[in-house]
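Asks: File final-v2.cif below, mmCIF, C-alpha atoms:
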data_start
loop_
_atom_site.label_atom_id
_atom_site.label_comp_id
_atom_site.auth_asym_id
_atom_site.auth_seq_id
_atom_site.Cartn_x
_atom_site.Cartn_y
_atom_site.Cartn_z
CA MET E 1 -36.47 45.29 -1.98
CA LYS E 2 -39.06 42.74 -3.11
CA ARG E 3 -37.92 43.21 -6.72
CA LYS E 4 -34.31 42.65 -5.64
CA LYS E 5 -35.21 39.45 -3.85
CA THR E 6 -37.10 38.12 -6.88
CA GLU E 7 -34.03 38.93 -8.97
CA LEU E 8 -31.92 37.08 -6.45
CA TRP E 9 -34.10 34.03 -6.72
CA SER E 10 -33.89 33.97 -10.50
CA LEU E 11 -30.18 34.78 -10.40
CA TYR E 12 -29.09 32.14 -7.92
CA GLY E 13 -31.81 29.49 -8.21
CA ALA E 14 -32.44 29.31 -4.46
CA GLY E 15 -28.88 28.52 -3.54
CA ARG E 16 -28.28 25.84 -6.16
CA ASP E 17 -25.76 28.12 -7.85
CA ARG E 18 -22.40 28.06 -6.09
CA ARG E 19 -22.03 31.83 -6.64
CA PHE E 20 -24.80 32.25 -4.08
CA TRP E 21 -22.62 30.60 -1.47
CA LYS E 22 -19.45 32.43 -2.42
CA LEU E 23 -21.35 35.70 -2.10
CA ALA E 24 -22.82 34.75 1.27
CA MET E 25 -19.39 33.69 2.54
CA LYS E 26 -17.91 37.05 1.58
CA ASN E 27 -19.99 38.44 4.42
CA ILE E 28 -17.84 36.55 6.87
CA THR E 29 -14.48 38.25 7.03
CA VAL E 30 -11.60 36.63 8.87
CA ASP E 31 -9.70 38.95 11.20
CA SER E 32 -6.11 38.63 10.00
CA LEU E 33 -4.66 39.43 13.44
CA LYS E 34 -6.66 36.69 15.15
CA LYS E 35 -5.90 34.33 12.31
CA GLN E 36 -2.16 34.97 12.71
CA GLN E 37 -2.44 34.35 16.46
CA ALA E 38 -4.20 31.04 15.83
CA LEU E 39 -1.68 30.04 13.16
CA ARG E 40 1.19 30.82 15.56
CA MET E 41 -0.33 28.51 18.17
CA ILE E 42 -0.88 25.82 15.52
CA SER E 43 2.70 26.24 14.30
CA GLN E 44 4.04 25.87 17.86
CA THR E 45 2.07 22.64 18.37
CA ALA E 46 3.15 21.39 14.93
CA GLY E 47 6.79 22.04 15.85
CA GLU E 48 6.44 19.89 18.98
CA LYS E 49 4.70 17.08 17.12
CA ARG E 50 6.67 13.85 16.66
CA ILE E 51 5.28 11.89 13.75
CA ILE E 52 5.14 8.14 14.28
CA SER E 53 5.64 6.47 10.92
CA ARG E 54 2.82 4.11 9.94
CA PRO E 55 3.39 2.07 6.80
CA SER E 56 0.72 1.95 4.13
CA LEU E 57 -1.24 -1.21 3.33
CA VAL E 58 0.74 -1.65 0.11
CA HIS E 59 3.98 -1.52 2.11
CA LYS E 60 2.62 -4.06 4.63
CA ILE E 61 1.65 -6.43 1.80
CA GLY E 62 5.09 -5.94 0.21
CA VAL E 63 6.80 -6.87 3.48
CA GLN E 64 4.62 -9.97 3.88
CA ILE E 65 5.42 -11.09 0.34
CA ARG E 66 9.13 -10.89 1.25
CA TYR E 67 8.53 -12.99 4.38
CA LEU E 68 6.56 -15.69 2.57
CA GLU E 69 8.51 -18.65 1.27
CA LYS E 70 8.73 -18.86 -2.51
CA GLY E 71 7.01 -22.24 -2.37
CA TYR E 72 3.65 -20.58 -1.63
CA PHE E 73 3.81 -18.94 -5.05
CA VAL E 74 5.63 -21.64 -6.99
CA PHE E 75 3.75 -24.78 -5.86
CA PRO E 76 0.24 -23.62 -6.86
CA VAL E 77 1.56 -22.60 -10.30
CA LEU E 78 3.33 -25.96 -10.70
CA LEU E 79 0.23 -27.82 -9.51
CA MET E 80 -2.08 -26.11 -11.98
CA SER E 81 0.44 -26.34 -14.84
CA GLY E 82 0.79 -30.05 -14.13
CA ALA E 83 -3.00 -30.49 -14.07
CA LEU E 84 -3.39 -28.65 -17.37
CA GLY E 85 -0.55 -30.74 -18.83
CA ILE E 86 -2.32 -33.97 -17.82
CA VAL E 87 -5.65 -32.67 -19.16
CA ASN E 88 -4.02 -31.74 -22.46
CA GLY E 89 -2.43 -35.19 -22.70
CA MET E 90 -5.79 -36.83 -22.01
CA LYS E 91 -7.43 -34.61 -24.61
CA GLN E 92 -4.97 -35.83 -27.24
CA THR E 93 -6.02 -39.42 -26.52
CA GLY E 94 -9.64 -38.43 -27.23
CA VAL E 95 -11.24 -38.96 -23.81
CA ARG E 96 -14.63 -37.38 -23.03
CA GLU E 97 -14.84 -33.80 -21.70
CA VAL E 98 -16.27 -35.19 -18.45
CA GLU E 99 -13.02 -37.05 -17.78
CA LEU E 100 -11.03 -33.86 -18.28
CA PHE E 101 -13.08 -32.06 -15.64
CA THR E 102 -12.77 -35.01 -13.26
CA VAL E 103 -8.95 -34.75 -13.27
CA LEU E 104 -9.06 -30.97 -13.03
CA SER E 105 -11.51 -30.99 -10.10
CA ALA E 106 -9.38 -33.49 -8.18
CA VAL E 107 -6.31 -31.26 -8.56
CA ILE E 108 -8.18 -28.01 -7.88
CA ALA E 109 -9.35 -29.51 -4.57
CA LEU E 110 -5.68 -29.42 -3.51
CA LEU E 111 -5.05 -25.83 -4.63
CA GLY E 112 -6.34 -24.14 -1.46
CA ILE E 113 -3.88 -26.05 0.77
CA PHE E 114 -0.98 -23.67 0.17
CA GLY E 115 -2.88 -20.57 1.30
CA THR E 116 -4.25 -22.23 4.44
CA ILE E 117 -0.80 -23.63 5.35
CA SER E 118 0.67 -20.11 5.10
CA ILE E 119 -2.00 -18.88 7.54
CA SER E 120 -1.70 -21.88 9.89
CA ARG E 121 2.06 -21.25 10.17
CA LEU E 122 1.32 -17.91 11.82
CA PHE E 123 0.06 -19.91 14.77
CA SER E 124 2.80 -22.55 14.82
CA ASN E 125 4.58 -23.56 18.03
CA HIS E 126 1.64 -22.27 20.07
CA MET E 127 2.93 -18.74 19.66
CA GLY E 128 0.43 -16.99 17.41
CA GLU E 129 0.74 -13.70 19.27
CA LEU E 130 4.51 -13.52 18.55
CA GLU E 131 3.83 -13.07 14.85
CA ALA E 132 2.17 -9.72 15.48
CA SER E 133 4.43 -6.69 15.14
CA CYS E 134 4.26 -2.96 15.84
CA PHE E 135 2.83 -2.40 12.38
CA CYS E 136 0.66 -5.48 11.81
CA SER E 137 -1.75 -7.12 14.21
CA ILE E 138 -2.25 -10.86 13.92
CA GLY E 139 -5.65 -10.20 12.27
CA GLU E 140 -4.01 -7.98 9.66
CA LEU E 141 -1.39 -10.65 8.98
CA VAL E 142 -4.09 -13.27 8.46
CA ALA E 143 -6.02 -10.90 6.19
CA ILE E 144 -2.93 -10.05 4.12
CA ARG E 145 -1.97 -13.71 3.68
CA MET E 146 -5.54 -14.58 2.75
CA THR E 147 -5.62 -11.76 0.20
CA LEU E 148 -2.33 -12.92 -1.36
CA SER E 149 -3.51 -16.50 -1.48
CA ALA E 150 -6.89 -15.47 -2.95
CA PHE E 151 -5.09 -13.42 -5.59
CA ILE E 152 -2.78 -16.26 -6.65
CA ASN E 153 -5.58 -18.85 -6.67
CA GLY E 154 -7.97 -16.48 -8.44
CA VAL E 155 -5.48 -15.80 -11.23
CA LEU E 156 -4.72 -19.53 -11.61
CA LEU E 157 -8.39 -20.56 -11.70
CA LEU E 158 -9.18 -17.84 -14.22
CA ALA E 159 -6.24 -18.84 -16.41
CA CYS E 160 -7.29 -22.47 -16.15
CA SER E 161 -10.87 -21.58 -17.20
CA ILE E 162 -9.61 -19.58 -20.19
CA VAL E 163 -7.36 -22.47 -21.31
CA MET E 164 -10.23 -24.96 -20.91
CA ARG E 165 -12.51 -22.66 -22.92
CA GLY E 166 -10.04 -22.94 -25.79
CA TRP E 167 -10.00 -26.72 -25.57
CA ILE E 168 -13.66 -27.64 -25.18
CA GLN E 169 -16.99 -26.45 -26.57
CA MET E 170 -18.70 -25.00 -23.50
CA GLU E 171 -19.76 -21.55 -22.22
CA PHE E 172 -17.03 -19.78 -20.27
CA LEU E 173 -19.19 -19.17 -17.16
CA ARG E 174 -20.15 -22.84 -17.06
CA ILE E 175 -16.49 -23.88 -17.17
CA LEU E 176 -15.72 -21.34 -14.44
CA LEU E 177 -18.51 -22.80 -12.30
CA TYR E 178 -17.18 -26.37 -12.69
CA ILE E 179 -13.69 -25.19 -11.77
CA LEU E 180 -14.64 -22.83 -8.94
CA THR E 181 -17.02 -25.16 -7.05
CA PRO E 182 -14.47 -27.87 -6.08
CA PHE E 183 -12.09 -25.08 -5.00
CA LEU E 184 -14.70 -23.44 -2.74
CA VAL E 185 -15.90 -26.73 -1.23
CA SER E 186 -12.38 -27.95 -0.44
CA ASN E 187 -11.46 -24.54 0.99
CA CYS E 188 -14.44 -24.78 3.36
CA LEU E 189 -12.89 -27.99 4.69
CA TYR E 190 -9.40 -26.47 5.03
CA TYR E 191 -10.72 -23.45 6.93
CA ALA E 192 -12.81 -25.72 9.17
CA ILE E 193 -9.58 -27.58 10.04
CA LEU E 194 -7.74 -24.28 10.53
CA LEU E 195 -10.40 -23.13 12.98
CA ARG E 196 -10.55 -26.39 14.93
CA MET E 197 -7.10 -27.96 14.97
CA ARG E 198 -4.78 -27.11 17.84
CA ASP E 199 -1.84 -29.45 17.34
CA LYS E 200 1.13 -29.77 15.05
CA ASN E 201 -0.56 -32.29 12.77
CA ILE E 202 -2.54 -29.57 11.02
CA ILE E 203 -0.45 -29.77 7.81
CA LEU E 204 -0.94 -33.55 7.64
CA SER E 205 -4.66 -32.98 8.12
CA PHE E 206 -4.70 -30.49 5.27
CA GLY E 207 -2.93 -32.98 3.02
CA ALA E 208 -5.20 -35.87 3.98
CA THR E 209 -8.32 -33.75 3.51
CA GLY E 210 -7.09 -32.50 0.13
CA ILE E 211 -6.38 -35.99 -1.17
CA LEU E 212 -9.64 -37.36 0.20
CA SER E 213 -11.63 -34.47 -1.19
CA GLY E 214 -9.93 -34.87 -4.60
CA ALA E 215 -10.74 -38.58 -4.59
CA VAL E 216 -14.38 -37.93 -3.68
CA TRP E 217 -14.70 -35.31 -6.43
CA SER E 218 -13.16 -37.56 -9.08
CA PHE E 219 -15.42 -40.46 -8.00
CA PHE E 220 -18.68 -38.51 -8.13
CA LEU E 221 -17.85 -36.47 -11.18
CA ARG E 222 -17.18 -39.50 -13.35
CA ASN E 223 -20.91 -39.67 -14.00
CA SER E 224 -21.59 -37.63 -17.14
CA LEU E 225 -25.05 -36.63 -15.81
CA VAL E 226 -23.31 -34.43 -13.27
CA TYR E 227 -22.21 -32.13 -16.12
CA ALA E 228 -25.63 -32.11 -17.82
CA ARG E 229 -27.26 -28.72 -18.26
CA GLY E 230 -30.06 -29.82 -15.89
CA ALA E 231 -27.57 -30.24 -13.04
CA MET E 232 -26.40 -26.61 -13.28
CA ALA E 233 -28.73 -25.52 -10.49
CA VAL E 234 -27.07 -28.04 -8.15
CA TRP E 235 -23.62 -26.68 -9.07
CA ILE E 236 -24.72 -23.09 -8.53
CA GLY E 237 -26.31 -24.07 -5.21
CA MET E 238 -23.10 -25.81 -4.10
CA ALA E 239 -20.95 -22.85 -5.13
CA VAL E 240 -23.18 -20.34 -3.34
CA CYS E 241 -23.51 -22.45 -0.16
CA SER E 242 -19.79 -23.19 0.09
CA GLY E 243 -18.99 -19.56 -0.68
CA MET E 244 -21.24 -18.43 2.18
CA ILE E 245 -19.78 -20.99 4.58
CA LEU E 246 -16.28 -19.87 3.58
CA ILE E 247 -17.14 -16.22 4.25
CA GLY E 248 -18.49 -17.22 7.67
CA GLU E 249 -15.31 -19.18 8.44
CA ILE E 250 -13.08 -16.31 7.33
CA HIS E 251 -15.11 -13.92 9.49
CA TRP E 252 -14.75 -16.24 12.47
CA LEU E 253 -11.03 -16.64 11.84
CA LEU E 254 -10.41 -12.88 11.62
CA LYS E 255 -12.57 -12.20 14.65
CA GLY E 256 -10.71 -14.85 16.62
CA ALA E 257 -7.32 -13.61 15.43
CA GLU E 258 -8.07 -10.07 16.59
CA LYS E 259 -8.82 -11.28 20.12
CA GLY E 260 -5.73 -12.51 21.94
CA GLU E 261 -7.61 -14.85 24.24
CA MET E 262 -9.23 -16.51 21.23
CA ILE E 263 -5.80 -17.19 19.73
CA CYS E 264 -4.73 -18.93 22.91
CA TYR E 265 -7.96 -20.87 23.10
CA GLN E 266 -8.18 -21.83 19.47
CA TRP E 267 -4.63 -22.53 18.50
CA ASN E 268 -2.46 -22.85 21.57
CA MET G 1 0.88 21.84 -3.33
CA ASP G 2 -1.97 19.31 -3.35
CA ASP G 3 -3.38 17.71 -0.21
CA ARG G 4 -2.02 14.25 -0.95
CA THR G 5 1.53 15.60 -1.18
CA LEU G 6 1.06 17.61 2.01
CA ILE G 7 -0.11 14.53 3.93
CA ALA G 8 2.72 12.42 2.50
CA ARG G 9 5.22 15.07 3.68
CA ILE G 10 3.65 15.19 7.15
CA GLN G 11 3.74 11.43 7.49
CA ARG G 12 7.39 11.44 6.44
CA GLY G 13 8.02 13.65 9.46
CA GLN G 14 8.09 17.09 7.78
CA THR G 15 5.94 18.83 10.38
CA GLU G 16 6.22 22.23 8.65
CA ALA G 17 3.66 20.86 6.17
CA LEU G 18 1.15 21.01 9.06
CA ASN G 19 1.48 24.81 8.95
CA GLU G 20 0.75 24.75 5.24
CA VAL G 21 -2.43 22.73 5.86
CA ALA G 22 -3.51 25.22 8.52
CA ASN G 23 -2.73 28.19 6.25
CA LYS G 24 -4.63 26.63 3.37
CA TYR G 25 -7.80 25.72 5.22
CA TYR G 26 -8.00 28.09 8.18
CA ASP G 27 -10.47 30.50 6.53
CA ASP G 28 -12.77 27.71 5.34
CA ILE G 29 -12.81 26.06 8.75
CA TYR G 30 -13.36 29.36 10.52
CA ARG G 31 -16.32 30.21 8.26
CA PHE G 32 -17.76 26.72 8.70
CA CYS G 33 -17.54 27.02 12.50
CA TYR G 34 -19.11 30.45 12.36
CA PHE G 35 -21.98 29.28 10.15
CA LEU G 36 -22.53 26.32 12.40
CA THR G 37 -22.39 28.06 15.76
CA GLY G 38 -23.10 31.70 14.99
CA TYR G 39 -20.37 32.83 17.40
CA ARG G 40 -17.88 35.02 15.60
CA GLU G 41 -15.22 35.31 18.31
CA GLU G 42 -15.46 31.74 19.57
CA SER G 43 -15.13 30.43 16.02
CA TYR G 44 -11.45 31.52 16.00
CA ASP G 45 -10.85 29.21 18.96
CA LEU G 46 -12.96 26.44 17.43
CA ALA G 47 -11.02 26.63 14.15
CA GLN G 48 -7.73 26.60 16.07
CA GLU G 49 -8.87 23.60 18.11
CA THR G 50 -9.77 21.80 14.87
CA PHE G 51 -6.18 22.06 13.64
CA LEU G 52 -4.73 21.12 17.02
CA LYS G 53 -6.86 17.98 17.04
CA PHE G 54 -5.83 17.26 13.45
CA ILE G 55 -2.15 17.52 14.48
CA LYS G 56 -2.78 15.16 17.40
CA TYR G 57 -4.27 12.42 15.22
CA VAL G 58 -2.43 13.01 11.94
CA ASP G 59 -0.30 9.85 12.41
CA HIS G 60 -3.44 7.73 12.07
CA TYR G 61 -4.87 9.68 9.15
CA GLN G 62 -5.06 7.85 5.84
CA TYR G 63 -5.50 10.24 2.96
CA LYS G 64 -8.96 10.40 1.43
CA ASN G 65 -10.35 13.91 1.46
CA LEU G 66 -8.40 16.25 3.71
CA LYS G 67 -10.92 19.07 3.64
CA GLY G 68 -13.73 16.63 4.46
CA TYR G 69 -11.67 15.27 7.36
CA LEU G 70 -11.00 18.75 8.75
CA LEU G 71 -14.68 19.67 8.38
CA THR G 72 -15.63 16.49 10.28
CA ILE G 73 -13.31 17.43 13.14
CA ALA G 74 -14.60 21.02 13.08
CA ARG G 75 -18.20 19.86 13.15
CA ASN G 76 -17.62 17.59 16.14
CA ILE G 77 -15.82 20.36 18.02
CA CYS G 78 -18.59 22.86 17.21
CA ILE G 79 -21.33 20.44 18.29
CA ASP G 80 -19.51 19.70 21.55
CA TYR G 81 -19.10 23.43 22.10
CA MET G 82 -22.76 24.13 21.46
CA ARG G 83 -23.78 21.24 23.69
CA ASP G 84 -21.65 22.76 26.43
CA LYS G 85 -23.24 26.09 25.86
CA ALA G 86 -26.59 24.28 25.90
CA GLN G 87 -28.14 26.68 23.51
CA GLU G 88 -28.82 26.91 19.81
CA VAL G 89 -27.78 29.94 17.88
CA SER G 90 -30.09 32.87 18.15
CA LEU G 91 -30.21 33.47 14.46
CA THR G 92 -31.52 36.99 14.28
CA GLU G 93 -29.12 38.20 16.93
CA GLN G 94 -26.12 36.55 15.38
CA THR G 95 -26.66 37.65 11.78
CA PRO G 96 -23.56 39.59 10.81
CA ASN G 97 -24.12 43.19 9.80
CA GLU G 98 -20.70 44.77 9.94
CA VAL G 99 -20.48 44.74 6.13
CA TRP G 100 -22.76 47.74 6.05
CA GLN G 101 -20.06 49.88 7.58
CA GLU G 102 -17.97 50.27 4.43
CA VAL G 103 -20.61 51.26 1.87
CA SER G 104 -19.34 54.06 -0.37
CA SER G 105 -21.25 53.90 -3.68
CA GLU G 106 -24.69 52.98 -4.98
CA ASP G 107 -23.35 49.93 -6.80
CA GLN G 108 -21.65 48.70 -3.64
CA PHE G 109 -24.86 49.37 -1.75
CA SER G 110 -26.85 47.25 -4.21
CA LYS G 111 -24.36 44.39 -3.89
CA LEU G 112 -24.51 44.57 -0.13
CA VAL G 113 -28.30 44.47 -0.19
CA GLN G 114 -28.01 41.27 -2.22
CA ARG G 115 -25.46 39.76 0.11
CA GLU G 116 -27.47 40.72 3.14
CA ALA G 117 -30.62 39.12 1.71
CA LEU G 118 -28.74 35.94 0.92
CA THR G 119 -27.03 35.74 4.28
CA THR G 120 -30.19 36.45 6.21
CA ALA G 121 -31.98 33.71 4.30
CA LEU G 122 -29.15 31.31 5.10
CA TRP G 123 -29.18 32.11 8.79
CA GLN G 124 -32.90 31.45 8.95
CA LEU G 125 -32.38 27.82 7.95
CA PRO G 126 -32.25 25.16 10.69
CA ARG G 127 -28.66 24.22 11.56
CA MET G 128 -28.80 20.74 10.00
CA GLN G 129 -30.03 22.08 6.66
CA ARG G 130 -27.65 25.04 6.70
CA GLU G 131 -24.77 22.68 7.39
CA ALA G 132 -25.75 20.27 4.58
CA LEU G 133 -26.19 23.09 2.05
CA LEU G 134 -22.92 24.69 3.10
CA LEU G 135 -20.97 21.45 2.73
CA TYR G 136 -22.60 20.64 -0.60
CA TYR G 137 -22.63 23.97 -2.39
CA TYR G 138 -19.76 25.90 -0.78
CA HIS G 139 -17.28 23.21 0.24
CA ASP G 140 -18.05 21.06 -2.84
CA LEU G 141 -18.33 17.81 -0.86
CA LYS G 142 -20.10 14.85 -2.42
CA LEU G 143 -23.33 13.59 -0.86
CA ARG G 144 -21.56 10.52 0.53
CA GLU G 145 -18.84 12.68 2.03
CA ILE G 146 -21.44 14.92 3.68
CA ALA G 147 -23.11 11.82 5.12
CA ALA G 148 -19.73 10.78 6.56
CA VAL G 149 -18.98 14.27 7.94
CA THR G 150 -22.39 14.64 9.55
CA GLY G 151 -22.71 11.02 10.67
CA THR G 152 -25.98 10.46 8.81
CA ASN G 153 -27.07 8.46 5.80
CA LEU G 154 -27.33 9.48 2.18
CA SER G 155 -31.10 9.87 2.09
CA THR G 156 -31.06 12.17 5.14
CA VAL G 157 -28.45 14.37 3.48
CA LYS G 158 -30.50 14.52 0.26
CA SER G 159 -33.63 15.38 2.19
CA ARG G 160 -31.86 18.14 4.19
CA ILE G 161 -30.50 19.69 0.99
CA ARG G 162 -33.89 19.50 -0.72
CA GLN G 163 -35.75 20.98 2.24
CA GLY G 164 -33.10 23.69 2.65
CA THR G 165 -33.21 24.75 -0.98
CA ASP G 166 -37.03 24.71 -0.93
CA LYS G 167 -37.01 27.08 2.03
CA LEU G 168 -34.43 29.38 0.45
CA LYS G 169 -36.50 29.40 -2.73
CA LYS G 170 -39.58 30.38 -0.78
CA TRP G 171 -37.86 33.11 1.25
CA LEU G 172 -36.00 34.64 -1.65
CA LYS G 173 -39.20 34.77 -3.72
CA GLU G 174 -41.20 36.46 -1.00
#
Let me see whether you can do it: turn the structure in this file into structure tokens.

Replies:
Amino acid sequence: MKRKKTELWSLYGAGRDRRFWKLAMKNITVDSLKKQQALRMISQTAGEKRIISRPSLVHKIGVQIRYLEKGYFVFPVLLMSGALGIVNGMKQTGVREVELFTVLSAVIALLGIFGTISISRLFSNHMGELEASCFCSIGELVAIRMTLSAFINGVLLLACSIVMRGWIQMEFLRILLYILTPFLVSNCLYYAILLRMRDKNIILSFGATGILSGAVWSFFLRNSLVYARGAMAVWIGMAVCSGMILIGEIHWLLKGAEKGEMICYQWN
Amino acid sequence: MDDRTLIARIQRGQTEALNEVANKYYDDIYRFCYFLTGYREESYDLAQETFLKFIKYVDHYQYKNLKGYLLTIARNICIDYMRDKAQEVSLTEQTPNEVWQEVSSEDQFSKLVQREALTTALWQLPRMQREALLLYYYHDLKLREIAAVTGTNLSTVKSRIRQGTDKLKKWLKE
């Protein structure tokens, strides 16, 4: 018996070999009669079951895309194309690289407006809760619209960075940082408005904030020292800080949207 | 038919696919319940209850790993059952021995001695380690999936598997 056990150990490596388990499981036989009885009961319950259809996430996103006005997709593309057109025109006249970024930053500060407007419209007419449906809670709607907006803006910012990389002599990540930071900072402001405003003037506030933020960016960024290699740490710090604030705001927004009483308090 | 197709059919309202799921996994779930509780007869009811609960909540189920999901339900049902019984399995008493009844040749006898040694060693393991080893080596679940099924973290699962295999190694060498 001892010899057999030693053989077993060497044969099955103390259970690490799956054959060990298959062999052990063969010891447990399933009584076919009892199994059939159980399966009959399961079949009876399955026959009485009424399946309630629940759409997949992809389907929910597809439906939301259909509901969104085309402007939410078209305007950001037009805005960024226009900005790149202006930048290209300026480049032809031989202006400094700093000037190109100044124009781009001012326009990018406006880019986040479209996404936040699409979310704010969910809560229009003091009736946020009416937007929720059997298949999508208000929190899910907010999340889907945010995802769509993040996708569109992400693609545009990336495309813009790639185009800029072709036009100027600078590392790609550095260009991305200069483009991403104004977007994150301005989005922090838009989400702060979205969380605080309770009246119909929210869209005007977005517009005013966007223009003001663009003007501030273009004023400060005119100084060429801002784009010096030594100032990179400040840029990274700004991007990280605004990114963290934005995550906090999004968390607060989603948390508030999931609680009905918060919707009434915050937006109605 | 693969699990994803079965679930898609169920969620389209074809409830006969529920029977196919039960047919496909009944034996595995029964054996899992038996290895977890040690009660042969009750495990038929526990396996049945697993599928009834699955049918109840199938509308909410989003396909990931069907077998893992069924094992999670089975585990919860078994643990509730054992808690109700307020007793752990008496391992030596519950070790199955009916396989000895059909021995007809020396070769068969040798195989049964092997099986018996393996099974006895398995039954001697603590429930948590037996469960982790069973899910990992027999049901082919990934470590993360085992952590999800058992409601623990990855390092606990690793440690249970390591301790379990160490014990088996020791017992099978003795």

Asks: Figure out the distance between CA of Glu145 in chain G and CA of Ile29 in chain G, please, to one decimal in Å.

Replies: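 Taking CA of Ile29 in chain G and CA of Glu145 in chain G, their separation equals 16.1 Å.
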
Asks: Hey, list the chain G side of the contact with chain E: 7 Å cut-off, all atoms listed in the file, answer as a VMD selection string.

Replies: chain G and resid 11 to 13 15 18 to 19 22 27 31 48 51 to 52 55 59 99 115 118 to 119 137 to 138 165 168 to 169 172 to 174

Asks: Please enumerate the residues selected by the PyMOL selection byres ((chain E and resi 249) around 8) when evaluated against the supplied file, formatted as a PyMOL selection string.

Replies: chain E and resi 188+191-192+195+245-248+250-253

Asks: Run the PyMOL selection byres ((chain E and resi 209-226) around 10) mentally over the shown coordinates, then write out the matched residues as a count of residues only, using the chain letters and numbers from the document.

Replies: 39

Asks: Once the PyMOL selection byres ((chain E and resi 148) around 12) has been evaluated on this model, what residues remain selected, and can you format them as a short mmCIF file (atom, residue, chain, number, x, y, z; two decimals) with C-alpha atoms, in the coordinates of the input?

Replies:
data_model
loop_
_atom_site.label_atom_id
_atom_site.label_comp_id
_atom_site.auth_asym_id
_atom_site.auth_seq_id
_atom_site.Cartn_x
_atom_site.Cartn_y
_atom_site.Cartn_z
CA VAL E 58 0.74 -1.65 0.11
CA LYS E 60 2.62 -4.06 4.63
CA ILE E 61 1.65 -6.43 1.80
CA GLY E 62 5.09 -5.94 0.21
CA VAL E 63 6.80 -6.87 3.48
CA GLN E 64 4.62 -9.97 3.88
CA ILE E 65 5.42 -11.09 0.34
CA ARG E 66 9.13 -10.89 1.25
CA LEU E 68 6.56 -15.69 2.57
CA TYR E 72 3.65 -20.58 -1.63
CA PHE E 73 3.81 -18.94 -5.05
CA GLY E 112 -6.34 -24.14 -1.46
CA PHE E 114 -0.98 -23.67 0.17
CA GLY E 115 -2.88 -20.57 1.30
CA THR E 116 -4.25 -22.23 4.44
CA SER E 118 0.67 -20.11 5.10
CA ILE E 119 -2.00 -18.88 7.54
CA LEU E 141 -1.39 -10.65 8.98
CA VAL E 142 -4.09 -13.27 8.46
CA ALA E 143 -6.02 -10.90 6.19
CA ILE E 144 -2.93 -10.05 4.12
CA ARG E 145 -1.97 -13.71 3.68
CA MET E 146 -5.54 -14.58 2.75
CA THR E 147 -5.62 -11.76 0.20
CA SER E 149 -3.51 -16.50 -1.48
CA ALA E 150 -6.89 -15.47 -2.95
CA PHE E 151 -5.09 -13.42 -5.59
CA ILE E 152 -2.78 -16.26 -6.65
CA ASN E 153 -5.58 -18.85 -6.67
CA GLY E 154 -7.97 -16.48 -8.44
CA VAL E 155 -5.48 -15.80 -11.23
#

Asks: Where's the centre, and what are the edge lengths in Å to one decimal, of a box along x, y and z enclosing all listed atoms of range 47-63 of chain E padded 3 Å per side, as JSON?

Replies:
{"center_x": 2.8, "center_y": 7.6, "center_z": 9.5, "size_x": 14.0, "size_y": 34.9, "size_z": 24.9}

Asks: Kindly give the distance, in Å, that separates CA of Leu122 in chain G and CA of Arg40 in chain G, rounded to a single decimal.

Replies: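 Taking CA of Leu122 in chain G and CA of Arg40 in chain G, their separation equals 15.8 Å.
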
Asks: Step by step: start from the point (-5.1, 21.4, -2.5) in the file's coordinates, keep every protein, DNA or RNA residue that has an atom no farther than 9 Å from it, count all atoms listed in the file, and write the set as JSON, numbers by chain.

Replies: {"G": [1, 2, 3, 4, 5, 6, 21, 24, 66, 67]}

Asks: Please compute the CA of Leu180 in chain E-CA of Gly89 in chain E distance, one decimal, in Å.

Replies: 22.2 Å

Asks: Do you know which residues are at most 7 Å from Arg160 in chain G counting all atoms listed in the file, after dropping those on the same chain fewer than 4 positions away, and could you put them as a VMD selection string?

Replies: chain G and resid 129 132 156 164

Asks: Tell me which protein, DNA and RNA residues are within 10 Å of Arg127 in chain G, counting only C-alpha atoms, leaving out same-chain ones fewer than 3 positions away, and put them as a list of chain:residue names.

Replies: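 After dropping sequence-adjacent residues, the list is G:Phe35, G:Leu36, G:Thr37, G:Gly38, G:Glu88, G:Val89, G:Leu91, G:Leu122, G:Trp123, G:Gln124, G:Arg130, G:Glu131, G:Ala132, G:Leu133, G:Gly164.
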
Asks: Between G:Leu154, G:Ala121, G:Ala74, G:Ile146, single out the one closest to Tyr44 in chain G, counting only C-alpha atoms.

Replies: G:Ala74

Asks: Counting all atoms listed in the file, which residues come within 10 Å of (-9.5, -23.1, -15.1), with the point read in the file's coordinates, and could you list them as a CSV table (one decimal) with C-alpha atoms, in the frame of the given file?

Replies:
chain,number,residue,atom,x,y,z
E,80,MET,CA,-2.1,-26.1,-12.0
E,83,ALA,CA,-3.0,-30.5,-14.1
E,84,LEU,CA,-3.4,-28.6,-17.4
E,101,PHE,CA,-13.1,-32.1,-15.6
E,104,LEU,CA,-9.1,-31.0,-13.0
E,105,SER,CA,-11.5,-31.0,-10.1
E,108,ILE,CA,-8.2,-28.0,-7.9
E,154,GLY,CA,-8.0,-16.5,-8.4
E,155,VAL,CA,-5.5,-15.8,-11.2
E,156,LEU,CA,-4.7,-19.5,-11.6
E,157,LEU,CA,-8.4,-20.6,-11.7
E,158,LEU,CA,-9.2,-17.8,-14.2
E,159,ALA,CA,-6.2,-18.8,-16.4
E,160,CYS,CA,-7.3,-22.5,-16.2
E,161,SER,CA,-10.9,-21.6,-17.2
E,162,ILE,CA,-9.6,-19.6,-20.2
E,163,VAL,CA,-7.4,-22.5,-21.3
E,164,MET,CA,-10.2,-25.0,-20.9
E,165,ARG,CA,-12.5,-22.7,-22.9
E,172,PHE,CA,-17.0,-19.8,-20.3
E,175,ILE,CA,-16.5,-23.9,-17.2
E,176,LEU,CA,-15.7,-21.3,-14.4
E,177,LEU,CA,-18.5,-22.8,-12.3
E,178,TYR,CA,-17.2,-26.4,-12.7
E,179,ILE,CA,-13.7,-25.2,-11.8
E,180,LEU,CA,-14.6,-22.8,-8.9
